[in-house]
$ cat protein.csv   # CSV, C-alpha atoms and all ligand atoms
chain,number,residue,atom,x,y,z
H,6,ARG,CA,-22.0,34.6,5.5
H,7,GLN,CA,-18.3,34.0,5.6
H,8,GLY,CA,-18.5,31.0,3.2
H,9,ILE,CA,-19.8,33.2,0.4
H,10,ILE,CA,-17.0,35.8,0.9
H,11,GLN,CA,-14.3,33.1,0.5
H,12,SER,CA,-13.3,33.2,-3.2
H,13,SER,CA,-11.9,29.8,-3.5
H,14,LYS,CA,-14.2,27.5,-5.4
H,15,MET,CA,-12.7,24.6,-3.6
H,16,PHE,CA,-13.9,26.1,-0.3
H,17,LEU,CA,-17.4,26.6,-1.7
H,18,VAL,CA,-17.7,23.0,-2.8
H,19,ALA,CA,-16.3,21.6,0.5
H,20,ASN,CA,-18.7,23.9,2.4
H,21,ARG,CA,-21.8,22.6,0.6
H,22,LEU,CA,-20.9,19.1,1.7
H,23,GLU,CA,-20.7,20.1,5.3
H,24,GLY,CA,-23.2,18.2,7.4
H,25,LYS,CA,-23.7,15.6,4.6
H,26,LYS,CA,-22.6,12.1,5.0
H,27,VAL,CA,-19.5,12.0,2.8
H,28,GLU,CA,-17.6,8.8,1.9
H,29,SER,CA,-13.9,9.4,1.4
H,30,SER,CA,-11.4,7.1,-0.3
H,31,ILE,CA,-7.8,7.4,-1.2
H,32,ARG,CA,-6.0,5.6,-4.0
H,33,TYR,CA,-2.3,4.9,-3.3
H,34,LEU,CA,0.4,4.0,-5.8
H,35,SER,CA,0.2,0.4,-4.4
H,36,ASP,CA,-3.4,0.3,-5.8
H,37,MET,CA,-2.3,1.3,-9.2
H,38,GLU,CA,0.6,-0.9,-10.2
H,39,ALA,CA,-1.1,-2.1,-13.4
H,40,VAL,CA,-1.9,1.5,-14.5
H,41,PHE,CA,1.5,2.9,-15.2
H,42,MET,CA,3.8,2.0,-18.1
H,43,ASP,CA,7.2,2.3,-16.5
H,44,LYS,CA,7.5,-0.6,-14.1
H,45,VAL,CA,11.1,0.2,-13.1
H,46,ALA,CA,10.2,3.8,-12.2
H,47,PHE,CA,7.2,2.5,-10.4
H,48,SER,CA,9.2,0.2,-8.2
H,49,ALA,CA,11.5,3.0,-7.1
H,50,LEU,CA,8.6,5.0,-5.7
H,51,ASP,CA,6.9,4.8,-2.2
H,52,PRO,CA,3.9,2.5,-2.6
H,53,GLN,CA,2.2,4.5,0.2
H,54,GLN,CA,2.3,7.7,-1.9
H,55,PRO,CA,-1.4,8.9,-2.4
H,56,VAL,CA,-2.3,9.4,-6.1
H,57,TYR,CA,-5.8,10.8,-5.6
H,58,GLU,CA,-8.6,11.1,-3.1
H,59,VAL,CA,-12.3,11.2,-3.6
H,60,ASP,CA,-15.1,12.5,-1.4
H,61,CYS,CA,-18.5,11.2,-2.5
H,62,TYR,CA,-22.0,12.2,-1.5
H,63,PHE,CA,-24.7,9.6,-2.1
H,64,PRO,CA,-28.1,11.1,-1.3
H,65,VAL,CA,-30.0,8.0,-2.4
H,66,ALA,CA,-29.2,4.3,-2.3
H,67,ASP,CA,-26.7,2.9,-4.7
H,68,ASN,CA,-28.2,1.6,-7.9
H,69,LYS,CA,-31.6,3.3,-7.3
H,70,SER,CA,-32.8,5.0,-10.5
H,71,GLY,CA,-33.7,8.6,-10.7
H,72,GLY,CA,-31.1,10.0,-8.2
H,73,LEU,CA,-27.7,11.7,-8.7
H,74,PHE,CA,-24.4,11.2,-7.0
H,75,PHE,CA,-21.8,13.8,-6.4
H,76,GLY,CA,-18.0,13.4,-6.2
H,77,LEU,CA,-15.0,15.6,-5.5
H,78,THR,CA,-11.7,14.2,-6.7
H,79,ARG,CA,-8.2,15.6,-6.0
H,80,ILE,CA,-5.3,14.2,-7.9
H,81,PHE,CA,-1.9,14.9,-6.5
H,82,PRO,CA,0.8,16.2,-8.8
H,83,GLY,CA,3.4,13.6,-9.7
H,84,LYS,CA,4.7,11.2,-12.3
H,85,VAL,CA,5.8,7.6,-12.7
H,86,GLY,CA,8.7,7.8,-15.1
H,87,GLY,CA,7.3,10.5,-17.5
H,88,GLU,CA,3.7,9.5,-17.0
H,89,PHE,CA,1.5,11.8,-15.0
H,90,PHE,CA,-0.6,10.7,-12.0
H,91,MET,CA,-4.2,10.0,-13.1
H,92,THR,CA,-7.4,8.2,-12.0
H,93,LYS,CA,-7.9,4.5,-12.7
H,94,GLY,CA,-10.7,5.3,-15.2
H,95,HIS,CA,-13.8,3.3,-15.8
H,96,PHE,CA,-16.9,2.7,-17.9
H,97,HIS,CA,-20.2,2.8,-16.2
H,98,SER,CA,-21.7,-0.7,-15.3
H,99,ASN,CA,-25.0,0.6,-16.6
H,100,ASN,CA,-23.3,1.3,-19.9
H,101,ASP,CA,-25.2,4.1,-21.5
H,102,THR,CA,-25.3,6.4,-18.5
H,103,ALA,CA,-23.6,9.7,-18.8
H,104,GLU,CA,-21.8,12.0,-16.4
H,105,PHE,CA,-20.6,15.6,-15.9
H,106,TYR,CA,-17.1,16.5,-14.7
H,107,TRP,CA,-16.0,20.1,-14.0
H,108,GLY,CA,-12.6,21.6,-13.3
H,109,ILE,CA,-12.2,23.3,-9.9
H,110,LYS,CA,-8.5,23.9,-9.5
H,111,GLY,CA,-5.3,22.9,-11.3
H,112,LYS,CA,-4.9,21.7,-14.8
H,113,GLY,CA,-5.2,18.4,-16.5
H,114,LEU,CA,-6.7,16.3,-19.3
H,115,LEU,CA,-9.9,14.4,-19.4
H,116,LEU,CA,-9.4,11.3,-21.5
H,117,PHE,CA,-12.4,9.6,-23.2
H,118,MET,CA,-12.4,6.2,-24.8
H,119,ASP,CA,-15.3,4.6,-26.6
H,120,LYS,CA,-16.1,0.9,-27.0
H,121,THR,CA,-14.0,0.8,-30.2
H,122,ARG,CA,-11.0,2.1,-28.2
H,123,LYS,CA,-11.1,5.4,-30.0
H,124,VAL,CA,-9.7,8.1,-27.7
H,125,TRP,CA,-10.0,11.8,-27.4
H,126,ALA,CA,-9.3,14.4,-24.8
H,127,GLU,CA,-10.5,17.7,-23.3
H,128,GLU,CA,-8.4,20.1,-21.3
H,129,MET,CA,-9.5,20.5,-17.7
H,130,THR,CA,-9.0,23.8,-16.1
H,131,GLU,CA,-10.6,25.9,-13.3
H,132,GLY,CA,-14.2,26.3,-14.5
H,133,SER,CA,-14.2,23.9,-17.4
H,134,VAL,CA,-17.3,21.7,-17.9
H,135,HIS,CA,-17.2,18.3,-19.5
H,136,TYR,CA,-20.0,16.0,-20.6
H,137,ILE,CA,-19.1,12.3,-20.7
H,138,PRO,CA,-21.5,10.5,-22.9
H,139,GLY,CA,-22.7,6.9,-22.2
H,140,ASN,CA,-20.6,4.0,-23.3
H,141,THR,CA,-17.4,6.1,-22.8
H,142,ALA,CA,-14.6,5.3,-20.4
H,143,HIS,CA,-13.2,8.4,-18.6
H,144,ARG,CA,-9.9,9.1,-16.8
H,145,VAL,CA,-8.4,12.4,-15.6
H,146,ILE,CA,-4.7,13.1,-15.7
H,147,ASN,CA,-3.0,15.8,-13.6
H,148,THR,CA,-0.7,17.5,-16.1
H,149,GLY,CA,0.2,20.3,-13.7
H,150,VAL,CA,2.4,20.9,-10.8
H,151,GLU,CA,-0.3,21.5,-8.2
H,152,MET,CA,-3.3,19.5,-7.0
H,153,LEU,CA,-6.0,19.0,-9.6
H,154,SER,CA,-9.5,19.2,-8.2
H,155,PHE,CA,-12.6,18.4,-10.1
H,156,GLY,CA,-16.3,17.7,-9.4
H,157,ALA,CA,-18.4,14.9,-10.8
H,158,CYS,CA,-22.1,14.2,-11.0
H,159,TRP,CA,-23.5,10.9,-12.3
H,160,PRO,CA,-26.8,8.9,-12.1
H,161,SER,CA,-27.2,6.9,-9.0
H,162,ASP,CA,-27.8,3.7,-11.1
H,163,ALA,CA,-24.7,4.2,-13.2
H,164,GLY,CA,-22.2,2.0,-11.3
H,165,HIS,CA,-18.4,1.8,-11.9
H,166,ASP,CA,-17.0,-0.8,-14.1
H,167,TYR,CA,-13.2,-0.9,-13.8
H,168,GLY,CA,-12.7,-4.4,-15.3
H,169,SER,CA,-11.9,-3.7,-18.9
H,170,ILE,CA,-9.7,-0.7,-18.2
H,171,GLU,CA,-7.8,-2.7,-15.5
H,172,LYS,CA,-7.2,-5.4,-18.1
H,173,GLU,CA,-6.6,-3.5,-21.3
H,174,GLY,CA,-6.0,0.1,-20.2
H,175,PHE,CA,-6.7,3.2,-22.4
H,176,SER,CA,-5.4,3.2,-25.9
H,177,ALA,CA,-3.5,6.5,-25.2
H,178,ARG,CA,-1.1,7.6,-22.5
H,179,VAL,CA,-0.1,11.1,-21.5
H,180,VAL,CA,3.6,11.6,-20.7
H,181,GLU,CA,6.1,14.5,-20.4
H,182,LYS,CA,9.2,14.2,-22.5
H,183,ASP,CA,11.9,16.9,-22.6
H,184,GLY,CA,9.5,19.3,-20.9
H,185,LYS,CA,6.7,18.7,-23.5
H,186,LEU,CA,3.4,17.0,-23.0
H,187,ILE,CA,2.9,14.2,-25.5
H,188,ILE,CA,0.1,11.7,-26.1
H,189,ILE,CA,1.3,8.2,-27.0
H,190,GLU,CA,-1.3,6.3,-28.9
H,191,GLU,CA,-1.5,2.5,-29.0
A,201,LIG,O1,-17.8,8.9,-10.7
A,201,LIG,C1,-16.8,9.3,-11.3
A,201,LIG,O2,-16.6,9.1,-12.5
A,201,LIG,C2,-15.7,10.0,-10.5
A,201,LIG,O3,-16.2,10.4,-9.3
A,201,LIG,C3,-14.5,9.0,-10.3
A,201,LIG,O4,-15.0,7.8,-9.6
A,201,LIG,C4,-13.4,9.6,-9.5
A,201,LIG,O5,-12.9,10.7,-10.2
A,201,LIG,C5,-12.2,8.6,-9.4
A,201,LIG,O6,-11.9,8.0,-10.6
A,201,LIG,P1,-12.0,6.4,-10.8
A,201,LIG,O7,-13.4,6.0,-10.3
A,201,LIG,O8,-11.8,6.2,-12.2
A,201,LIG,O9,-11.0,5.8,-9.9
A,202,NI,NI,-17.8,7.9,-14.0
$ encode --input "protein.csv" --output "structure tokens"
Amino acid sequence: RQGIIQSSKMFLVANRLEGKKVESSIRYLSDMEAVFMDKVAFSALDPQQPVYEVDCYFPVADNKSGGLFFGLTRIFPGKVGGEFFMTKGHFHSNNDTAEFYWGIKGKGLLLFMDKTRKVWAEEMTEGSVHYIPGNTAHRVINTGVEMLSFGACWPSDAGHDYGSIEKEGFSARVVEKDGKLIIIEE
């Protein structure tokens, strides 16, 4: 039972997905031009730089009610100007569906934003558990110097709605300035 002896949680999660049909995707800097604030710093970076990768396990058909989906996201360490690498962030298409995120490795911030654009954050660390209520956009920011890995579980009929975040963004940004982490609110 070698898999059990391995102490890395990362390994355990990966192991449980073995033999399952996993769909993997990678988001590169070129996919995220609108996301980052500093356009000059952005244009100096390699557009082929990966920002995060996601492995998803969909045990039932998309949009079917009653099932659950599972995702494992890894955000690379990095910054554009002072702004940390992060996920695009989204609301759920089926607005009032919730989700769990949990930290596996590395450190970061989970940013929430409700429909009135009120934002708040929770610290993501190894073993942290986060409940994302319905009607709440969610984005994860890697504030550390190593890869940030986290798990996600959401209803199979939730759907991802990127539209409003792509257009209007979150009302807060997380940047590093003079070695300090600061949150810039809109
Ligand atoms: O379903 C989720 O919320 C996650 O699995 C995310 O899709 C994943 O972390 C990638 O983020 P985003 O979908 O915002 O690009
Ligand atoms: Ni989600």
$ residues_around --input "protein.csv" --residues "H:Val145" --least-positions-apart "4" --cutoff "6 Å" --atoms "all atoms listed in the file" --output "list of chain:residue names"
H:Met91, H:Thr92, H:Leu114, H:Leu115
$ residues_near_ligand --input "protein.csv" --ligand "ligand LIG 201 (chain A)" --cutoff "10 Å" --atoms "only C-alpha atoms and all ligand atoms" --output "ChimeraX atom specification"
/H:30-32,37,57-62,74-80,91-97,103-106,137,142-145,154-161,163-167,170
$ atom_distance --input "protein.csv" --atom1 "atom CA of H:Gly174" --atom2 "atom CA of H:Ser48"
19.4 Å
$ residues_near_point --input "protein.csv" --point "(1.1, 12.6, -14.8)" --cutoff "8 Å" --atoms "all atoms listed in the file" --output "count of residues only"
16
$ closest_residue --input "protein.csv" --among "H:Leu186, H:Leu153, H:His135, H:Ser98" --to "H:Asn68" --atoms "all atoms listed in the file"
H:Ser98
$ atom_distance --input "protein.csv" --atom1 "atom CA of H:Ala39" --atom2 "atom CA of H:Phe81"
18.4 Å
$ atom_distance --input "protein.csv" --atom1 "atom CA of H:Lys44" --atom2 "atom CA of H:Val150"
22.3 Å
$ closest_residue --input "protein.csv" --among "H:Met152, H:Gly71, H:Trp125, H:Pro138" --to "H:Ser176" --atoms "only C-alpha atoms"
H:Trp125
$ closest_residue --input "protein.csv" --among "H:Asn99, H:Ser169, H:Thr121, H:Ser133" --to "ligand NI 202 (chain A)" --atoms "all atoms listed in the file"
H:Asn99
